[in-house]
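Undergrad: Take a look at this one; I'll ask things after.
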Amino acid sequence: VPATLATEPGTILIPQKAVLSRKSLIFKNRLRDHISINVAKESNDAEIANLRLSVFSDYSMDQRKEWIDKSCEVIRSRRLKGATCLSASVNYIDDTHISSDDYYGEGENDYVCADDEGVKSISEQSNNRAKYLETRNWIVGSIECSTHEFHNSALGMRRPAGSILYITEVAVSPRTRRSGAGELLLKGMDILAKRRRVETLYLHVDVTNHAACCLYKKAGYKILDSKNEIYSQFTTKLNLHDGATRGRKHHLMHKKLTKTQTWYPLPNPDFSASSSSVRGTLGFEVFDS
């Protein structure tokens with residue numbers, strides 16, 4: 001399958017093993033095996049924007065709508081530049097209107113199995129009641145990757161086009177943290193990158209975000225030497241160098257997906273980092289009122 005078709009919007013990278021009932025969503029330990037990783041569609045933009053808002057900020061309703069509209073514009077703009085967004089989602093059965101007498105499933109059996117034909121219950125009794133239920137989708141996390149951040153950078157000039165990806169906008173709903181969603185998003189990104197024959201993944205992380213740092217290290221990412229001119233110039237280009245974003249500091253991390261890494265000879269030593277910067281983090285500036 002061509003790489004472009006294998007990663008088009010709607011592609012399932014990690015399938016969901018089963019469909020939970022809504023009453024089971026409160027159990028985080030059950031979510032890990034019930035999260036799917038998909039290449040997000042344009043129709044998911046608003047929900048992903050709302051998810052990012054819940055992770056990063058707390059605004060009034062009016063501010064929230066304005067922020068989400070602007071965030072959707074940024075997502076569309078980045079997609080036109082080649083960015084791809086993955087979503088972590090849970091398909092569940094909306095059983096909130098079912099009485100305790102009709103409710104099918106107890107304990108570990110509180111789910112139905114999913115197959116190519118749709119949703120099927122684990123028993124004939126469940127099948128009879130499932131026809132009254134509705135399957136819903138809940139996006140619990142997202143992650144984005146792109147290549148345009150490398151344009152006009154020494155790092156981008158040293159690596160062949162298509163051999164590197166930059167990861168940004170990693171977000172997991174506060175309600176589903178520690179459920180394995182972040183780990184699955186990174187695994188999904190590995191799958192997508194390998195299908196595109198990418199050699200190396202790069203990302204930045206706030207040095208004080210210990211949970212994220214641990215997550216990335218567990219997933220195989222390593223911190224790069226900030227004194228390396230190629231890496232420091234790339235970080236500066238994204239305006240993520242020390243002190244640039246309200247005094248914050250960031251690690252540049254990478255993960256090798258292939259045994260060999262392709263590097264071109266050193267670029268012109270007079271290469272300047274003065275080209276226009278590309279914002280990371282939220283995709284646009286957010287100012288406190």
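Each chain in the structure tokens gets a letter, A, B and so on, in the order shown; residues start at 1 in every chain, and ligands are counted from 1 in the order they appear.
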So that I can check the surroundings of segment 66-76 of chain A, please list as a ChimeraX atom specification every protein, DNA and RNA residue that reaches within 10 Å of it, counting only C-alpha atoms and ignoring chain neighbours fewer than 5 positions away.
TA: /A:42,44-53,57,59-61,81-85,144,282-284,286
Undergrad: Okay, now the selection with N, CA and C atoms, as a CSV table (one decimal), in the first residue's frame?
TA:
chain,number,residue,atom,x,y,z
A,42,GLU,N,-10.8,16.0,9.0
A,42,GLU,CA,-11.1,17.5,9.1
A,42,GLU,C,-12.3,17.7,10.0
A,44,ASN,N,-12.9,16.3,12.7
A,44,ASN,CA,-12.5,16.2,14.1
A,44,ASN,C,-11.9,17.4,14.6
A,45,ASP,N,-11.7,18.4,13.7
A,45,ASP,CA,-10.9,19.6,14.1
A,45,ASP,C,-11.5,20.3,15.4
A,46,ALA,N,-12.8,20.6,15.4
A,46,ALA,CA,-13.4,21.3,16.5
A,46,ALA,C,-13.2,20.5,17.8
A,47,GLU,N,-13.4,19.2,17.8
A,47,GLU,CA,-13.2,18.4,19.0
A,47,GLU,C,-11.8,18.4,19.5
A,48,ILE,N,-10.9,18.3,18.5
A,48,ILE,CA,-9.4,18.4,18.9
A,48,ILE,C,-9.1,19.7,19.5
A,49,ALA,N,-9.6,20.8,18.8
A,49,ALA,CA,-9.3,22.2,19.3
A,49,ALA,C,-9.9,22.3,20.8
A,50,ASN,N,-11.1,21.8,21.0
A,50,ASN,CA,-11.6,21.9,22.3
A,50,ASN,C,-10.8,21.1,23.4
A,51,LEU,N,-10.3,19.9,22.9
A,51,LEU,CA,-9.4,19.1,23.8
A,51,LEU,C,-8.2,19.9,24.1
A,52,ARG,N,-7.5,20.5,23.2
A,52,ARG,CA,-6.3,21.3,23.4
A,52,ARG,C,-6.6,22.4,24.4
A,53,LEU,N,-7.8,23.0,24.3
A,53,LEU,CA,-8.1,24.1,25.2
A,53,LEU,C,-8.3,23.6,26.6
A,57,SER,N,-5.7,25.7,28.9
A,57,SER,CA,-6.2,26.9,29.4
A,57,SER,C,-7.6,26.7,30.0
A,59,TYR,N,-10.9,29.2,30.0
A,59,TYR,CA,-11.4,30.5,29.6
A,59,TYR,C,-12.9,30.5,29.8
A,60,SER,N,-13.5,31.7,29.7
A,60,SER,CA,-15.0,31.8,29.7
A,60,SER,C,-15.6,31.2,28.4
A,61,MET,N,-16.9,31.1,28.4
A,61,MET,CA,-17.5,30.5,27.2
A,61,MET,C,-17.3,31.3,26.0
A,81,LYS,N,0.0,22.8,5.0
A,81,LYS,CA,1.4,22.8,4.9
A,81,LYS,C,1.9,21.3,5.0
A,82,GLY,N,1.0,20.4,5.2
A,82,GLY,CA,1.4,19.0,5.2
A,82,GLY,C,1.3,18.4,6.6
A,83,ALA,N,0.9,19.1,7.6
A,83,ALA,CA,0.8,18.5,8.9
A,83,ALA,C,-0.3,17.4,9.0
A,84,THR,N,-0.1,16.5,9.9
A,84,THR,CA,-1.0,15.4,10.1
A,84,THR,C,-1.3,15.3,11.6
A,85,CYS,N,-2.6,15.1,11.9
A,85,CYS,CA,-3.0,15.0,13.3
A,85,CYS,C,-3.5,13.6,13.6
A,144,GLU,N,0.2,15.8,16.8
A,144,GLU,CA,0.4,16.3,15.5
A,144,GLU,C,1.8,16.2,15.0
A,282,LEU,N,1.1,26.2,20.8
A,282,LEU,CA,-0.3,26.3,20.5
A,282,LEU,C,-0.6,26.7,19.0
A,283,GLY,N,0.5,27.1,18.3
A,283,GLY,CA,0.3,27.5,16.9
A,283,GLY,C,0.0,29.0,16.8
A,284,PHE,N,-0.3,29.7,17.9
A,284,PHE,CA,-0.5,31.1,17.9
A,284,PHE,C,-0.3,31.6,19.3
A,286,VAL,N,-1.1,33.3,22.8
A,286,VAL,CA,-2.2,33.5,23.7
A,286,VAL,C,-1.8,34.4,24.8
Undergrad: Counting only C-alpha atoms, figure out which residue out of A:Thr245, A:Thr260, A:Gln233, A:Ser89 gets nearest to Arg136 of chain A.
TA: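 Looking at the shortest contact to Arg136 of chain A, the residue is A:Ser89.
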Undergrad: Could you check which of A:Ser153, A:Ser36, A:Ser142, A:Thr11 is closest to Thr235 of chain A, using only C-alpha atoms?
TA: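 Nearest to Thr235 of chain A: A:Ser153.
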Undergrad: Report as a PyMOL selection string all protein, DNA and RNA residues lying within 9 Å of Asn137 of chain A, evaluated on only C-alpha atoms, omitting residues in the same chain fewer than 5 positions from it.
TA: chain A and resi 89-93
Undergrad: Quick one: distance from atom CA of Ala181 of chain A to atom CA of Ile167 of chain A in Å, one decimal?
TA: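 Separation between atom CA of Ala181 of chain A and atom CA of Ile167 of chain A: 16.0 Å.
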Undergrad: Between A:Gly10, A:Gly182, A:Pro160, A:Gly247, which has the minimum distance to Glu199 of chain A (counting only C-alpha atoms)?
TA: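 Among the listed residues, A:Pro160 lies closest to Glu199 of chain A.
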Undergrad: May I ask which of the residues A:Ala219, A:Leu203, A:Val140, A:Met253 is the closest one to Arg178 of chain A, counting only C-alpha atoms?
TA: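 For Arg178 of chain A, the nearest of the given residues is A:Val140.
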Undergrad: Find, counting only C-alpha atoms, the residue in A:Val205, A:Cys145, A:Ala211, A:Leu184 that gets nearest to Gln16 of chain A.
TA: A:Leu184
Undergrad: For a quick check of understanding, using only C-alpha atoms, which of A:Lys222, A:Trp138, A:Glu169, A:Asp62 has the smallest distance to Arg78 of chain A?
TA: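 Under the stated criterion, the closest residue is A:Glu169.
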Undergrad: Can you tell me, as JSON, numbers by chain, what residues are no more than 8 Å from Leu257 of chain A when counting only C-alpha atoms, ignoring any on the same chain fewer than 2 positions away?
TA: {"A": [190, 194, 198, 199, 200, 201, 255, 259]}
Undergrad: Take the selection from the previous step and output its residues with all heavy atoms, as a PDB file, in the first residue's frame.
TA:
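Just written: again19.pdb:
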ATOM      1  N   ASP A 190       4.714   6.389  15.738  1.00  0.00           N
ATOM      2  CA  ASP A 190       5.761   5.511  15.214  1.00  0.00           C
ATOM      3  C   ASP A 190       5.264   4.758  13.988  1.00  0.00           C
ATOM      4  O   ASP A 190       5.981   4.636  12.976  1.00  0.00           O
ATOM      5  CB  ASP A 190       6.194   4.498  16.280  1.00  0.00           C
ATOM      6  CG  ASP A 190       7.030   5.116  17.382  1.00  0.00           C
ATOM      7  OD1 ASP A 190       7.398   6.303  17.259  1.00  0.00           O
ATOM      8  OD2 ASP A 190       7.318   4.403  18.372  1.00  0.00           O
ATOM      9  N   LYS A 194       6.817   5.220  10.257  1.00  0.00           N
ATOM     10  CA  LYS A 194       7.447   4.089   9.560  1.00  0.00           C
ATOM     11  C   LYS A 194       6.780   3.838   8.216  1.00  0.00           C
ATOM     12  O   LYS A 194       7.448   3.470   7.248  1.00  0.00           O
ATOM     13  CB  LYS A 194       7.386   2.842  10.440  1.00  0.00           C
ATOM     14  CG  LYS A 194       8.318   2.911  11.642  1.00  0.00           C
ATOM     15  CD  LYS A 194       8.173   1.702  12.546  1.00  0.00           C
ATOM     16  CE  LYS A 194       9.112   1.801  13.745  1.00  0.00           C
ATOM     17  NZ  LYS A 194       8.948   0.658  14.683  1.00  0.00           N
ATOM     18  N   VAL A 198      10.036   7.395   7.493  1.00  0.00           N
ATOM     19  CA  VAL A 198      10.742   8.422   8.258  1.00  0.00           C
ATOM     20  C   VAL A 198      11.838   7.756   9.083  1.00  0.00           C
ATOM     21  O   VAL A 198      11.652   6.667   9.634  1.00  0.00           O
ATOM     22  CB  VAL A 198       9.756   9.175   9.184  1.00  0.00           C
ATOM     23  CG1 VAL A 198      10.496  10.079  10.156  1.00  0.00           C
ATOM     24  CG2 VAL A 198       8.772   9.975   8.341  1.00  0.00           C
ATOM     25  N   GLU A 199      12.991   8.420   9.181  1.00  0.00           N
ATOM     26  CA  GLU A 199      14.123   7.879   9.924  1.00  0.00           C
ATOM     27  C   GLU A 199      14.170   8.374  11.372  1.00  0.00           C
ATOM     28  O   GLU A 199      14.566   7.629  12.270  1.00  0.00           O
ATOM     29  CB  GLU A 199      15.440   8.263   9.232  1.00  0.00           C
ATOM     30  CG  GLU A 199      15.595   7.687   7.836  1.00  0.00           C
ATOM     31  CD  GLU A 199      16.886   8.114   7.179  1.00  0.00           C
ATOM     32  OE1 GLU A 199      17.608   8.972   7.751  1.00  0.00           O
ATOM     33  OE2 GLU A 199      17.188   7.606   6.084  1.00  0.00           O
ATOM     34  N   THR A 200      13.787   9.638  11.590  1.00  0.00           N
ATOM     35  CA  THR A 200      13.944  10.240  12.914  1.00  0.00           C
ATOM     36  C   THR A 200      12.759  11.127  13.257  1.00  0.00           C
ATOM     37  O   THR A 200      12.254  11.863  12.423  1.00  0.00           O
ATOM     38  CB  THR A 200      15.226  11.097  12.977  1.00  0.00           C
ATOM     39  OG1 THR A 200      16.293  10.435  12.315  1.00  0.00           O
ATOM     40  CG2 THR A 200      15.605  11.387  14.425  1.00  0.00           C
ATOM     41  N   LEU A 201      12.335  11.032  14.519  1.00  0.00           N
ATOM     42  CA  LEU A 201      11.291  11.906  15.049  1.00  0.00           C
ATOM     43  C   LEU A 201      11.933  12.894  16.020  1.00  0.00           C
ATOM     44  O   LEU A 201      12.805  12.517  16.807  1.00  0.00           O
ATOM     45  CB  LEU A 201      10.231  11.087  15.787  1.00  0.00           C
ATOM     46  CG  LEU A 201       9.427  10.086  14.955  1.00  0.00           C
ATOM     47  CD1 LEU A 201       8.593   9.198  15.866  1.00  0.00           C
ATOM     48  CD2 LEU A 201       8.529  10.797  13.957  1.00  0.00           C
ATOM     49  N   LYS A 255      14.021  10.454  18.377  1.00  0.00           N
ATOM     50  CA  LYS A 255      13.905   8.995  18.399  1.00  0.00           C
ATOM     51  C   LYS A 255      14.282   8.461  17.024  1.00  0.00           C
ATOM     52  O   LYS A 255      13.730   8.900  16.009  1.00  0.00           O
ATOM     53  CB  LYS A 255      12.479   8.562  18.756  1.00  0.00           C
ATOM     54  CG  LYS A 255      12.304   7.043  18.789  1.00  0.00           C
ATOM     55  CD  LYS A 255      10.902   6.645  19.206  1.00  0.00           C
ATOM     56  CE  LYS A 255      10.768   5.122  19.291  1.00  0.00           C
ATOM     57  NZ  LYS A 255       9.424   4.707  19.749  1.00  0.00           N
ATOM     58  N   LYS A 259      18.025   1.903  11.714  1.00  0.00           N
ATOM     59  CA  LYS A 259      19.376   1.640  12.204  1.00  0.00           C
ATOM     60  C   LYS A 259      20.368   2.669  11.675  1.00  0.00           C
ATOM     61  O   LYS A 259      21.324   3.043  12.359  1.00  0.00           O
ATOM     62  CB  LYS A 259      19.821   0.230  11.799  1.00  0.00           C
ATOM     63  CG  LYS A 259      19.037  -0.875  12.500  1.00  0.00           C
ATOM     64  CD  LYS A 259      19.562  -2.246  12.105  1.00  0.00           C
ATOM     65  CE  LYS A 259      18.813  -3.345  12.835  1.00  0.00           C
ATOM     66  NZ  LYS A 259      19.304  -4.706  12.462  1.00  0.00           N
TER      67      LYS A 259
END
Undergrad: By how many Å are atom CA of Thr7 of chain A and atom CA of Ser43 of chain A apart?
TA: 16.5 Å
